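Structure first, then comments.
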Amino acid sequence: MQFEDVLNKRYSVRKFDGRKVEKEKIDAILNAARMAPTAKNNQPQRIFVLESGDALEKFKKSTIYHFNAPLAFLICYDNTLSWTRPFDGKDCGQVDAAIITTYMMLEATAQGLGTTWVGYLDPEVVRETFSLPENLMPVVFLPAGYPAADCVPSERHALRKQLADTVTVLQKISALSGDFYFFWHISLAIFLD
Ligand SMILES: Cc1cc2nc3c(=O)[nH]c(=O)nc-3n(C[C@H](O)[C@H](O)[C@H](O)COP(=O)(O)O)c2cc1C
């Protein structure tokens, strides 16, 4: 599948047909996570594969957004490994986990699977349910599986803002008296002109 097709095909799948996901597909998703960039390449991710009956029970106990998926991943990061930005002390583990999860979602799509990013979790509940040590920070559940035949994107999926609402093109113009910066909100049509 071409990358553009993956981007266009992905949407949050919240209804699964219950078919078991093949090991090769799970491995491909985990390998995509492995290829994702992380701050300083510290690779602080710790990913749990929730497939057994017991693990899926725990998953269902941890969030209402489990969609009865036949498979889920719990993406955490180890805060003793993640990079901290020196200027303000920001721990970049959340950012790393977000990039990793995005890679996993896109690979899942390429494999003909559906996923939904589930951020609706109480980290303390997840920590207790999965007996996570103090240094592992849970960030996201990623339920995954084959989309049900009647699964369709939610109405929200199509609500994409125009580029002009989210993109600013900075243009630097040199002049005799100094440099001036122009900030333009610009539409894609103009951008491509
Ligand atoms: C940080 C984050 C948290 C999210 N948490 C949830 C969630 O807890 N439950 C859920 O059903 N969807 C969740 N979503 C999915 C978004 O609602 C969804 O991606 C968005 O509405 C766009 O729809 P689409 O994914 O179909 O394009 C989350 C997405 C992100 C990026």
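Chain labels run A, B, ... following the order of the structure tokens; each chain numbers its residues from 1, and ligands are numbered from 1 in the order shown.
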
Extract, using only C-alpha atoms, all DNA, RNA and protein residues at most 12 Å from Val6 in chain A, discarding same-chain residues fewer than 3 positions from it, and format them as a PDB file with C-alpha atoms, in the first residue's frame.
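Contents of the output file selection15.pdb:
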```pdb
ATOM      1  CA  MET A   1       0.000   0.000   0.000  1.00  0.00           C
ATOM      2  CA  GLN A   2       1.346   3.447  -0.916  1.00  0.00           C
ATOM      3  CA  PHE A   3       1.986   5.800   2.006  1.00  0.00           C
ATOM      4  CA  LYS A   9      -7.386   4.821   4.712  1.00  0.00           C
ATOM      5  CA  ARG A  10      -6.711   5.235   8.436  1.00  0.00           C
ATOM      6  CA  TYR A  11      -9.557   6.203  10.692  1.00  0.00           C
ATOM      7  CA  THR A 102       1.479   6.793  15.365  1.00  0.00           C
ATOM      8  CA  TYR A 103       3.917   4.493  13.557  1.00  0.00           C
ATOM      9  CA  MET A 104       2.056   1.496  14.978  1.00  0.00           C
ATOM     10  CA  MET A 105      -1.309   2.848  13.820  1.00  0.00           C
ATOM     11  CA  LEU A 106      -0.060   3.446  10.299  1.00  0.00           C
ATOM     12  CA  GLU A 107       1.561   0.003  10.053  1.00  0.00           C
ATOM     13  CA  ALA A 108      -1.644  -1.578  11.349  1.00  0.00           C
ATOM     14  CA  THR A 109      -3.556   0.232   8.599  1.00  0.00           C
ATOM     15  CA  ALA A 110      -1.085  -1.019   5.982  1.00  0.00           C
ATOM     16  CA  GLN A 111      -1.692  -4.532   7.327  1.00  0.00           C
ATOM     17  CA  GLY A 112      -5.452  -4.167   6.738  1.00  0.00           C
ATOM     18  CA  LEU A 113      -6.161  -3.693  10.447  1.00  0.00           C
ATOM     19  CA  GLY A 114      -7.899  -0.933  12.362  1.00  0.00           C
TER      20      GLY A 114
END
```

Next on the checklist: I need the helix (DSSP H, G or I) residues of chain A per DSSP on the backbone, written as a count of residues only.
Outcome noted: 71

Next on the checklist: Could you go through chain A and tell me which residues DSSP, when run on the backbone, assigns to strand (DSSP E or B), listing them as a ChimeraX atom specification?
Outcome noted: /A:12,16,45-50,71-78,84,91,114-115,118,136-145,147,168-175,178-185

Checklist entry - Leaving out range 19-33 of chain A and any residue of its chain fewer than 2 positions from it, which residues lie within 12 Å of it when counting only C-alpha atoms, given as a count of residues only? => result 54

Residues up to 6 Å from ligand 1, counting only C-alpha atoms and all ligand atoms: could you list those as a PDB file with N, CA and C atoms, in the first residue's frame?
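Printed below is pocket.pdb as written:
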```pdb
ATOM      1  N   TYR A  11      -8.605   5.464   9.865  1.00  0.00           N
ATOM      2  CA  TYR A  11      -9.557   6.203  10.692  1.00  0.00           C
ATOM      3  C   TYR A  11      -9.689   5.418  11.987  1.00  0.00           C
ATOM      4  N   SER A  12     -10.276   6.019  13.004  1.00  0.00           N
ATOM      5  CA  SER A  12     -10.405   5.311  14.276  1.00  0.00           C
ATOM      6  C   SER A  12     -11.453   4.214  14.151  1.00  0.00           C
ATOM      7  N   TYR A  65     -13.088   2.470  26.746  1.00  0.00           N
ATOM      8  CA  TYR A  65     -12.901   2.466  25.290  1.00  0.00           C
ATOM      9  C   TYR A  65     -12.071   1.263  24.841  1.00  0.00           C
ATOM     10  N   THR A 116      -7.658   2.298  17.315  1.00  0.00           N
ATOM     11  CA  THR A 116      -8.060   3.617  17.828  1.00  0.00           C
ATOM     12  C   THR A 116      -7.111   3.988  18.955  1.00  0.00           C
ATOM     13  N   TRP A 117      -6.656   5.203  18.907  1.00  0.00           N
ATOM     14  CA  TRP A 117      -5.822   5.731  19.990  1.00  0.00           C
ATOM     15  C   TRP A 117      -6.717   5.959  21.195  1.00  0.00           C
ATOM     16  N   VAL A 118      -6.395   5.330  22.301  1.00  0.00           N
ATOM     17  CA  VAL A 118      -7.205   5.536  23.507  1.00  0.00           C
ATOM     18  C   VAL A 118      -6.352   6.198  24.596  1.00  0.00           C
ATOM     19  N   GLY A 119      -6.624   7.474  24.745  1.00  0.00           N
ATOM     20  CA  GLY A 119      -5.909   8.243  25.772  1.00  0.00           C
ATOM     21  C   GLY A 119      -6.720   8.350  27.052  1.00  0.00           C
ATOM     22  N   TYR A 120      -7.961   7.843  26.997  1.00  0.00           N
ATOM     23  CA  TYR A 120      -8.858   7.931  28.147  1.00  0.00           C
ATOM     24  C   TYR A 120      -8.520   6.809  29.112  1.00  0.00           C
ATOM     25  N   PRO A 153     -16.138   5.307   9.541  1.00  0.00           N
ATOM     26  CA  PRO A 153     -15.502   6.378  10.315  1.00  0.00           C
ATOM     27  C   PRO A 153     -16.543   7.203  11.065  1.00  0.00           C
ATOM     28  N   SER A 154     -16.161   7.726  12.225  1.00  0.00           N
ATOM     29  CA  SER A 154     -17.080   8.604  12.951  1.00  0.00           C
ATOM     30  C   SER A 154     -17.223   9.913  12.174  1.00  0.00           C
ATOM     31  N   ARG A 156     -16.632  12.738  13.174  1.00  0.00           N
ATOM     32  CA  ARG A 156     -15.502  13.612  13.496  1.00  0.00           C
ATOM     33  C   ARG A 156     -14.333  13.420  12.528  1.00  0.00           C
ATOM     34  N   HIS A 157     -14.238  12.219  11.980  1.00  0.00           N
ATOM     35  CA  HIS A 157     -13.088  11.895  11.120  1.00  0.00           C
ATOM     36  C   HIS A 157     -12.952  12.878   9.955  1.00  0.00           C
TER      37      HIS A 157
END
```
